[in-house]
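K.L.:
Supplied structure: upload_5.cif, mmCIF, C-alpha atoms.
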```
data_final
loop_
_atom_site.group_PDB
_atom_site.id
_atom_site.type_symbol
_atom_site.label_atom_id
_atom_site.label_comp_id
_atom_site.auth_asym_id
_atom_site.auth_seq_id
_atom_site.Cartn_x
_atom_site.Cartn_y
_atom_site.Cartn_z
ATOM 1 C CA MET A 199 52.575 8.699 -7.534
ATOM 2 C CA THR A 200 52.970 8.022 -11.263
ATOM 3 C CA THR A 201 55.814 9.854 -13.001
ATOM 4 C CA THR A 202 55.332 10.547 -16.704
ATOM 5 C CA PHE A 203 57.714 11.957 -19.313
ATOM 6 C CA ILE A 204 56.200 13.437 -22.505
ATOM 7 C CA THR A 205 58.097 14.578 -25.596
ATOM 8 C CA GLY A 206 56.822 17.466 -27.701
ATOM 9 C CA ALA A 207 54.842 18.670 -24.704
ATOM 10 C CA ASN A 208 54.921 22.449 -25.034
ATOM 11 C CA LYS A 209 51.849 22.615 -27.301
ATOM 12 C CA GLY A 210 49.070 20.652 -28.973
ATOM 13 C CA LEU A 211 48.441 17.060 -28.007
ATOM 14 C CA GLY A 212 51.516 16.855 -25.789
ATOM 15 C CA HIS A 213 50.497 19.927 -23.802
ATOM 16 C CA GLU A 214 46.918 18.741 -23.353
ATOM 17 C CA THR A 215 48.110 15.278 -22.337
ATOM 18 C CA ALA A 216 50.348 16.895 -19.729
ATOM 19 C CA ARG A 217 47.488 19.054 -18.440
ATOM 20 C CA ARG A 218 45.166 16.084 -18.077
ATOM 21 C CA LEU A 219 47.727 13.855 -16.405
ATOM 22 C CA VAL A 220 48.718 16.561 -13.929
ATOM 23 C CA ALA A 221 45.016 16.882 -13.069
ATOM 24 C CA LEU A 222 44.920 13.112 -12.499
ATOM 25 C CA GLY A 223 47.783 13.314 -10.029
ATOM 26 C CA HIS A 224 50.748 12.356 -12.203
ATOM 27 C CA THR A 225 54.137 13.921 -11.690
ATOM 28 C CA VAL A 226 54.642 15.169 -15.247
ATOM 29 C CA ILE A 227 57.929 16.036 -16.902
ATOM 30 C CA MET A 228 57.340 18.008 -20.079
ATOM 31 C CA GLY A 229 60.000 17.571 -22.730
ATOM 32 C CA ALA A 230 60.345 20.082 -25.556
ATOM 33 C CA ARG A 231 63.026 21.463 -27.835
ATOM 34 C CA ASP A 232 62.351 25.170 -27.203
ATOM 35 C CA PRO A 233 63.549 26.011 -23.663
ATOM 36 C CA GLU A 234 61.541 29.222 -23.330
ATOM 37 C CA ARG A 235 58.212 27.836 -24.517
ATOM 38 C CA GLY A 236 58.754 24.549 -22.735
ATOM 39 C CA ALA A 237 59.543 26.155 -19.391
ATOM 40 C CA GLU A 238 56.590 28.532 -19.701
ATOM 41 C CA ALA A 239 54.175 25.706 -20.544
ATOM 42 C CA ALA A 240 55.407 23.522 -17.690
ATOM 43 C CA ALA A 241 55.183 26.337 -15.138
ATOM 44 C CA ALA A 242 51.598 27.062 -16.166
ATOM 45 C CA LEU A 243 50.578 23.431 -15.632
ATOM 46 C CA GLY A 244 52.521 22.662 -12.478
ATOM 47 C CA ALA A 245 54.861 20.287 -14.294
ATOM 48 C CA ARG A 246 58.654 20.227 -14.662
ATOM 49 C CA PHE A 247 60.376 21.108 -17.922
ATOM 50 C CA VAL A 248 63.315 19.220 -19.393
ATOM 51 C CA ARG A 249 64.804 20.268 -22.704
ATOM 52 C CA ILE A 250 64.972 17.496 -25.287
ATOM 53 C CA ASP A 251 65.556 17.498 -29.027
ATOM 54 C CA VAL A 252 64.524 14.017 -30.156
ATOM 55 C CA THR A 253 66.697 14.319 -33.272
ATOM 56 C CA ASP A 254 69.893 14.778 -31.220
ATOM 57 C CA ASP A 255 71.508 11.875 -29.370
ATOM 58 C CA THR A 256 73.355 14.164 -26.967
ATOM 59 C CA SER A 257 70.198 16.085 -26.096
ATOM 60 C CA VAL A 258 68.233 12.868 -25.497
ATOM 61 C CA ALA A 259 70.967 11.447 -23.284
ATOM 62 C CA ALA A 260 71.140 14.698 -21.308
ATOM 63 C CA ALA A 261 67.364 14.660 -20.788
ATOM 64 C CA ALA A 262 67.455 11.088 -19.492
ATOM 65 C CA ALA A 263 70.343 11.995 -17.176
ATOM 66 C CA ASP A 264 68.384 14.996 -15.875
ATOM 67 C CA VAL A 265 65.369 12.830 -15.060
ATOM 68 C CA ALA A 266 67.590 10.180 -13.463
ATOM 69 C CA ALA A 267 69.178 12.805 -11.230
ATOM 70 C CA ASN A 268 65.886 14.430 -10.233
ATOM 71 C CA GLU A 269 63.077 11.856 -10.327
ATOM 72 C CA GLY A 270 65.196 8.716 -10.397
ATOM 73 C CA ALA A 271 62.683 6.752 -12.468
ATOM 74 C CA ILE A 272 59.625 7.122 -14.672
ATOM 75 C CA ASP A 273 56.497 5.000 -14.909
ATOM 76 C CA VAL A 274 55.191 6.237 -18.257
ATOM 77 C CA LEU A 275 56.994 7.416 -21.396
ATOM 78 C CA ILE A 276 54.858 9.154 -24.011
ATOM 79 C CA ASN A 277 56.615 9.510 -27.369
ATOM 80 C CA ASN A 278 54.542 12.366 -28.747
ATOM 81 C CA ALA A 279 56.940 14.643 -30.658
ATOM 82 C CA GLY A 280 56.119 14.703 -34.346
ATOM 83 C CA VAL A 281 56.125 16.707 -37.582
ATOM 84 C CA SER A 282 53.891 16.488 -40.634
ATOM 85 C CA GLY A 283 56.489 17.104 -43.325
ATOM 86 C CA PRO A 284 55.917 18.658 -46.759
ATOM 87 C CA HIS A 285 52.366 19.141 -48.073
ATOM 88 C CA SER A 286 53.459 19.146 -51.687
ATOM 89 C CA ASP A 287 53.312 17.143 -54.887
ATOM 90 C CA PRO A 288 54.923 13.748 -54.123
ATOM 91 C CA ALA A 289 56.964 14.201 -57.286
ATOM 92 C CA ASN A 290 58.825 16.990 -55.511
ATOM 93 C CA LEU A 291 59.735 15.034 -52.391
ATOM 94 C CA THR A 292 63.408 14.478 -51.696
ATOM 95 C CA GLY A 293 65.459 12.107 -49.627
ATOM 96 C CA ALA A 294 66.328 15.029 -47.357
ATOM 97 C CA ASP A 295 62.607 15.650 -46.790
ATOM 98 C CA ALA A 296 62.146 12.020 -45.813
ATOM 99 C CA LEU A 297 65.112 12.074 -43.442
ATOM 100 C CA ARG A 298 63.765 15.154 -41.648
ATOM 101 C CA VAL A 299 60.322 13.604 -41.083
ATOM 102 C CA PHE A 300 61.588 10.178 -40.072
ATOM 103 C CA ASP A 301 64.290 11.702 -37.850
ATOM 104 C CA VAL A 302 61.588 13.175 -35.609
ATOM 105 C CA ASN A 303 58.687 10.761 -35.986
ATOM 106 C CA VAL A 304 60.522 7.435 -36.067
ATOM 107 C CA PHE A 305 64.193 7.736 -35.155
ATOM 108 C CA GLY A 306 63.182 10.053 -32.316
ATOM 109 C CA VAL A 307 61.040 7.282 -30.838
ATOM 110 C CA VAL A 308 64.007 4.913 -31.035
ATOM 111 C CA ARG A 309 66.414 7.392 -29.426
ATOM 112 C CA VAL A 310 64.118 8.366 -26.578
ATOM 113 C CA THR A 311 62.937 4.834 -25.867
ATOM 114 C CA ALA A 312 66.504 3.516 -25.678
ATOM 115 C CA ALA A 313 67.640 6.345 -23.403
ATOM 116 C CA PHE A 314 64.676 6.076 -21.015
ATOM 117 C CA LEU A 315 64.457 2.283 -20.762
ATOM 118 C CA PRO A 316 66.706 2.126 -17.664
ATOM 119 C CA LEU A 317 64.426 4.659 -15.941
ATOM 120 C CA LEU A 318 61.294 2.764 -16.963
ATOM 121 C CA ARG A 319 62.707 -0.483 -15.624
ATOM 122 C CA ARG A 320 62.879 1.055 -12.158
ATOM 123 C CA SER A 321 59.069 1.270 -12.190
ATOM 124 C CA PRO A 322 56.830 -1.541 -10.891
ATOM 125 C CA ASP A 323 54.484 -1.025 -13.858
ATOM 126 C CA PRO A 324 56.306 0.634 -16.783
ATOM 127 C CA VAL A 325 54.374 1.888 -19.797
ATOM 128 C CA ILE A 326 55.316 3.309 -23.206
ATOM 129 C CA VAL A 327 52.714 5.130 -25.287
ATOM 130 C CA ASN A 328 53.710 5.932 -28.864
ATOM 131 C CA VAL A 329 51.554 8.586 -30.503
ATOM 132 C CA SER A 330 50.922 7.197 -33.966
ATOM 133 C CA SER A 331 48.061 8.019 -36.332
ATOM 134 C CA GLY A 332 45.226 6.449 -38.278
ATOM 135 C CA MET A 333 47.067 7.992 -41.234
ATOM 136 C CA GLY A 334 49.592 5.211 -40.742
ATOM 137 C CA SER A 335 46.960 2.464 -40.788
ATOM 138 C CA PHE A 336 46.744 0.442 -44.001
ATOM 139 C CA ALA A 337 43.116 -0.396 -43.179
ATOM 140 C CA ALA A 338 42.055 3.203 -42.524
ATOM 141 C CA THR A 339 43.823 4.684 -45.533
ATOM 142 C CA HIS A 340 42.092 2.141 -47.795
ATOM 143 C CA ASP A 341 38.616 2.620 -46.321
ATOM 144 C CA PRO A 342 36.616 5.157 -48.407
ATOM 145 C CA SER A 343 34.391 5.909 -45.415
ATOM 146 C CA ARG A 344 37.329 7.290 -43.400
ATOM 147 C CA VAL A 345 38.942 10.686 -43.838
ATOM 148 C CA GLU A 346 42.402 9.075 -43.821
ATOM 149 C CA SER A 347 41.680 7.567 -47.252
ATOM 150 C CA SER A 348 41.362 11.004 -48.868
ATOM 151 C CA VAL A 349 44.667 12.468 -47.685
ATOM 152 C CA ILE A 350 47.915 12.166 -49.602
ATOM 153 C CA LEU A 351 50.863 12.867 -47.315
ATOM 154 C CA PRO A 352 53.455 10.198 -48.117
ATOM 155 C CA LEU A 353 56.170 10.952 -45.589
ATOM 156 C CA TYR A 354 53.903 11.518 -42.590
ATOM 157 C CA THR A 355 51.778 8.456 -43.289
ATOM 158 C CA ALA A 356 54.806 6.250 -43.912
ATOM 159 C CA SER A 357 56.481 7.482 -40.724
ATOM 160 C CA LYS A 358 53.393 6.765 -38.633
ATOM 161 C CA ALA A 359 53.076 3.287 -40.132
ATOM 162 C CA ALA A 360 56.672 2.784 -39.012
ATOM 163 C CA VAL A 361 55.826 4.015 -35.489
ATOM 164 C CA THR A 362 53.006 1.502 -35.249
ATOM 165 C CA MET A 363 55.265 -1.337 -36.389
ATOM 166 C CA LEU A 364 57.942 -0.226 -33.935
ATOM 167 C CA THR A 365 55.284 -0.433 -31.232
ATOM 168 C CA THR A 366 54.442 -4.048 -32.043
ATOM 169 C CA GLN A 367 58.123 -4.983 -32.151
ATOM 170 C CA TYR A 368 58.913 -3.292 -28.851
ATOM 171 C CA ALA A 369 55.857 -4.930 -27.284
ATOM 172 C CA LYS A 370 57.132 -8.360 -28.312
ATOM 173 C CA ALA A 371 60.704 -7.693 -27.218
ATOM 174 C CA LEU A 372 60.132 -5.780 -23.983
ATOM 175 C CA LYS A 373 58.193 -8.332 -21.981
ATOM 176 C CA ASP A 374 58.474 -6.260 -18.800
ATOM 177 C CA ILE A 375 56.905 -3.118 -20.304
ATOM 178 C CA ARG A 376 53.467 -2.399 -21.769
ATOM 179 C CA VAL A 377 53.985 -0.750 -25.170
ATOM 180 C CA ASN A 378 50.990 0.566 -27.096
ATOM 181 C CA ALA A 379 50.225 3.037 -29.884
ATOM 182 C CA ALA A 380 47.538 5.711 -29.842
ATOM 183 C CA ASP A 381 45.733 7.309 -32.766
ATOM 184 C CA PRO A 382 44.569 10.772 -31.646
ATOM 185 C CA GLY A 383 42.239 11.114 -34.648
ATOM 186 C CA TYR A 384 41.791 14.221 -36.782
ATOM 187 C CA THR A 385 42.417 16.845 -34.125
ATOM 188 C CA ALA A 386 42.787 20.611 -34.451
ATOM 189 C CA THR A 387 46.507 21.267 -33.872
ATOM 190 C CA ASP A 388 49.363 23.198 -35.478
ATOM 191 C CA LEU A 389 50.229 20.000 -37.349
ATOM 192 C CA ASN A 390 47.162 20.438 -39.606
ATOM 193 C CA ALA A 391 46.664 24.217 -39.342
ATOM 194 C CA HIS A 392 43.883 23.547 -36.810
ATOM 195 C CA SER A 393 41.664 22.015 -39.478
ATOM 196 C CA GLY A 394 40.696 18.905 -37.501
ATOM 197 C CA PRO A 395 37.127 18.612 -36.145
ATOM 198 C CA GLN A 396 38.233 17.175 -32.792
ATOM 199 C CA THR A 397 39.365 19.246 -29.830
ATOM 200 C CA VAL A 398 42.751 18.556 -28.297
ATOM 201 C CA THR A 399 40.962 17.046 -25.309
ATOM 202 C CA GLU A 400 39.182 14.555 -27.579
ATOM 203 C CA GLY A 401 42.453 13.949 -29.385
ATOM 204 C CA THR A 402 44.203 12.957 -26.178
ATOM 205 C CA ASP A 403 41.553 10.507 -24.967
ATOM 206 C CA ALA A 404 43.393 7.433 -26.266
ATOM 207 C CA ILE A 405 46.777 8.668 -25.061
ATOM 208 C CA VAL A 406 45.532 9.386 -21.552
ATOM 209 C CA ARG A 407 43.689 6.082 -21.359
ATOM 210 C CA LEU A 408 46.804 4.122 -22.309
ATOM 211 C CA ALA A 409 48.886 6.142 -19.851
ATOM 212 C CA THR A 410 46.529 5.466 -16.944
ATOM 213 C CA GLU A 411 45.533 1.835 -17.427
ATOM 214 C CA GLY A 412 46.374 -0.581 -14.653
ATOM 215 C CA PRO A 413 48.661 -3.610 -14.768
ATOM 216 C CA GLY A 414 47.587 -6.353 -17.152
ATOM 217 C CA ALA A 415 45.798 -3.962 -19.525
ATOM 218 C CA GLY A 416 47.604 -5.397 -22.529
ATOM 219 C CA THR A 417 50.495 -4.610 -24.816
ATOM 220 C CA GLY A 418 51.070 -4.316 -28.560
ATOM 221 C CA ARG A 419 47.757 -2.552 -29.182
ATOM 222 C CA PHE A 420 46.776 0.257 -31.570
ATOM 223 C CA VAL A 421 43.787 2.233 -30.273
ATOM 224 C CA ASP A 422 41.861 5.450 -30.818
ATOM 225 C CA ARG A 423 39.375 7.109 -28.500
ATOM 226 C CA SER A 424 36.692 4.580 -29.512
ATOM 227 C CA GLY A 425 38.758 1.432 -29.061
ATOM 228 C CA PRO A 426 41.060 -0.913 -31.037
ATOM 229 C CA LEU A 427 42.049 -0.024 -34.604
ATOM 230 C CA ASP A 428 42.854 -2.238 -37.561
ATOM 231 C CA TRP A 429 46.480 -2.080 -38.633
#
```
Once more with this new file: its structure as structure tokens, please.

P.N.:
Amino acid sequence: MTTTFITGANKGLGHETARRLVALGHTVIMGARDPERGAEAAAALGARFVRIDVTDDTSVAAAAADVAANEGAIDVLINNAGVSGPHSDPANLTGADALRVFDVNVFGVVRVTAAFLPLLRRSPDPVIVNVSSGMGSFAATHDPSRVESSVILPLYTASKAAVTMLTTQYAKALKDIRVNAADPGYTATDLNAHSGPQTVTEGTDAIVRLATEGPGAGTGRFVDRSGPLDW
């Protein structure tokens, strides 16, 4: 039985990932900041809820301790929690804006990964999936044929580029763990006011594939639902 912990799992991509993995037989632990919504979502899917605020060291440590006490180990960690940040004129962006976005999207990945590494290392085949974005790809954002090239969202795109680089660095450093990044694609979620053309099921294809691959599937990759992406 594969045990999977997902951050930001009470809605959107995290919720759909949880639903699909439960259906595939995973023991899923749904992490979310809001205890009421998180518990309700987990109960509806047959998963277990653990409160976690990825911006708070104490909360992250408590979540890892909860999982250690109950499940004892995890096989898959999915760092999904994320925010889009301000949709405003870049001239109006502030350092505080940047800190808020990076605190969730980047520093949150660092906090959660560090706290859950001991639990992952108890697995015979540990996996980390970081939910990044094509918006953080230099190739995609410079390709006029791709929608990513037409969007100006400095803090979100910069944070997702950082997540992808973190993924490659973790993959090199953590030889005993497969670490990969997934681009969900332009998916209809609260993050974009449900403007994306993809369904949440389509948007979770790459995440679910990376979470269910067998040993030897590879590490340090950046993929979407169609396959490998250029950085």

K.L.:
Between atom CA of A:Thr339 and atom CA of A:Ala207, what is the distance, to one decimal in Å?

P.N.:
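So the two atoms, atom CA of A:Thr339 and atom CA of A:Ala207, lie 27.4 Å apart.
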
K.L.:
Could you state which residues are captured by the PyMOL selection byres ((chain A and resi 316) around 10) in this file, as an mmCIF file with C-alpha atoms, in the frame of the given file?

P.N.:
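Contents of result_38.cif, as written:
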```
data_model
loop_
_atom_site.group_PDB
_atom_site.id
_atom_site.type_symbol
_atom_site.label_atom_id
_atom_site.label_comp_id
_atom_site.auth_asym_id
_atom_site.auth_seq_id
_atom_site.Cartn_x
_atom_site.Cartn_y
_atom_site.Cartn_z
ATOM 1 C CA ALA A 262 67.455 11.088 -19.492
ATOM 2 C CA ALA A 266 67.590 10.180 -13.463
ATOM 3 C CA GLY A 270 65.196 8.716 -10.397
ATOM 4 C CA ALA A 271 62.683 6.752 -12.468
ATOM 5 C CA ILE A 272 59.625 7.122 -14.672
ATOM 6 C CA THR A 311 62.937 4.834 -25.867
ATOM 7 C CA ALA A 312 66.504 3.516 -25.678
ATOM 8 C CA ALA A 313 67.640 6.345 -23.403
ATOM 9 C CA PHE A 314 64.676 6.076 -21.015
ATOM 10 C CA LEU A 315 64.457 2.283 -20.762
ATOM 11 C CA LEU A 317 64.426 4.659 -15.941
ATOM 12 C CA LEU A 318 61.294 2.764 -16.963
ATOM 13 C CA ARG A 319 62.707 -0.483 -15.624
ATOM 14 C CA ARG A 320 62.879 1.055 -12.158
ATOM 15 C CA SER A 321 59.069 1.270 -12.190
#
```

K.L.:
Between atom CA of A:Phe336 and atom CA of A:Trp429, what is the distance, to one decimal in Å?

P.N.:
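Between atom CA of A:Phe336 and atom CA of A:Trp429 the gap is 5.9 Å.
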
K.L.:
Just the residues within 10 Å of A:Val406, please, counting only C-alpha atoms, with nothing from its chain fewer than 3 positions along; format it as a ChimeraX atom specification.

P.N.:
/A:214-216,218-219,222,276,327,380,399,401-403,409-411,423

K.L.:
Using all atoms listed in the file, which of the listed residues (A:Gly223, A:Gly412, A:Gly206, A:Gly212) sits closest to A:Pro322?

P.N.:
A:Gly412

K.L.:
Please measure the separation of atom CA of A:Glu400 and atom CA of A:Arg298, giving the value in Å to one decimal.

P.N.:
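Computed distance, atom CA of A:Glu400 to atom CA of A:Arg298, equals 28.3 Å.
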
K.L.:
Here is a test: counting all atoms listed in the file, which residue of A:Val345, A:Ala360, A:Ala259, A:Ile375 is nearest to A:Ala415?

P.N.:
A:Ile375

K.L.:
Tell me, as an NGL selection string, which residues lie within 12 Å of A:Ala240, counting only C-alpha atoms; anything in the same chain fewer than 2 positions away does not count.

P.N.:
:A and (203-204 or 206-209 or 212-217 or 220 or 225-230 or 232-238 or 242-249)

K.L.:
Looking at only C-alpha atoms, which of A:Leu211, A:Met199, A:Leu372, A:Leu351 is the one that sits closest to A:Ser286?

P.N.:
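Comparing A:Leu211, A:Met199, A:Leu372, A:Leu351 against A:Ser286, the winner is A:Leu351.
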
K.L.:
List, as a PyMOL selection string, every residue that the PyMOL selection byres ((chain A and resi 325) around 7) selects in the file provided.

P.N.:
chain A and resi 273-275+323-324+326-327+375-377+409

K.L.:
Applied to this file, what does the PyMOL selection byres ((chain A and resi 252-255) around 8) return in terms of residues, put as a ChimeraX atom specification?

P.N.:
/A:205,231,250-251,256-259,279,301-302,305-307,309-310

K.L.:
Output the selection as a compact mmCIF listing (two decimals), in the coordinates of the input - C-alpha atoms for each residue.

P.N.:
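Result file is result19.txt:
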```txt
# COMPACT_ATOMS: atom_id res chain seq x y z
CA THR A 205 58.10 14.58 -25.60
CA ARG A 231 63.03 21.46 -27.84
CA ILE A 250 64.97 17.50 -25.29
CA ASP A 251 65.56 17.50 -29.03
CA THR A 256 73.36 14.16 -26.97
CA SER A 257 70.20 16.08 -26.10
CA VAL A 258 68.23 12.87 -25.50
CA ALA A 259 70.97 11.45 -23.28
CA ALA A 279 56.94 14.64 -30.66
CA ASP A 301 64.29 11.70 -37.85
CA VAL A 302 61.59 13.18 -35.61
CA PHE A 305 64.19 7.74 -35.16
CA GLY A 306 63.18 10.05 -32.32
CA VAL A 307 61.04 7.28 -30.84
CA ARG A 309 66.41 7.39 -29.43
CA VAL A 310 64.12 8.37 -26.58
```

K.L.:
Could you check which of A:Leu353, A:Gly425, A:Leu364, A:Ala239 is closest to A:Asn290, using all atoms listed in the file?

P.N.:
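Closest to A:Asn290 of all the choices is A:Leu353.
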
K.L.:
Of the candidates A:Asn378, A:Ala359, A:Leu291, A:Thr201, which shows the shortest atom-to-atom distance to A:Asn268, using all atoms listed in the file?

P.N.:
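Of A:Asn378, A:Ala359, A:Leu291, A:Thr201, the one nearest A:Asn268, counting all atoms listed in the file, is A:Thr201.
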
K.L.:
Counting only C-alpha atoms, I want the residues whose atoms come within 8 Å of (54.6, 0.9, -32.1) in the file frame, returned as a tab-separated table (two decimals) with C-alpha atoms, in the frame of the given file.

P.N.:
```tsv
chain	number	residue	atom	x	y	z
A	328	ASN	CA	53.71	5.93	-28.86
A	330	SER	CA	50.92	7.20	-33.97
A	360	ALA	CA	56.67	2.78	-39.01
A	361	VAL	CA	55.83	4.01	-35.49
A	362	THR	CA	53.01	1.50	-35.25
A	363	MET	CA	55.26	-1.34	-36.39
A	364	LEU	CA	57.94	-0.23	-33.94
A	365	THR	CA	55.28	-0.43	-31.23
A	366	THR	CA	54.44	-4.05	-32.04
A	367	GLN	CA	58.12	-4.98	-32.15
A	368	TYR	CA	58.91	-3.29	-28.85
A	369	ALA	CA	55.86	-4.93	-27.28
A	377	VAL	CA	53.98	-0.75	-25.17
A	378	ASN	CA	50.99	0.57	-27.10
A	379	ALA	CA	50.22	3.04	-29.88
A	418	GLY	CA	51.07	-4.32	-28.56
A	420	PHE	CA	46.78	0.26	-31.57
```
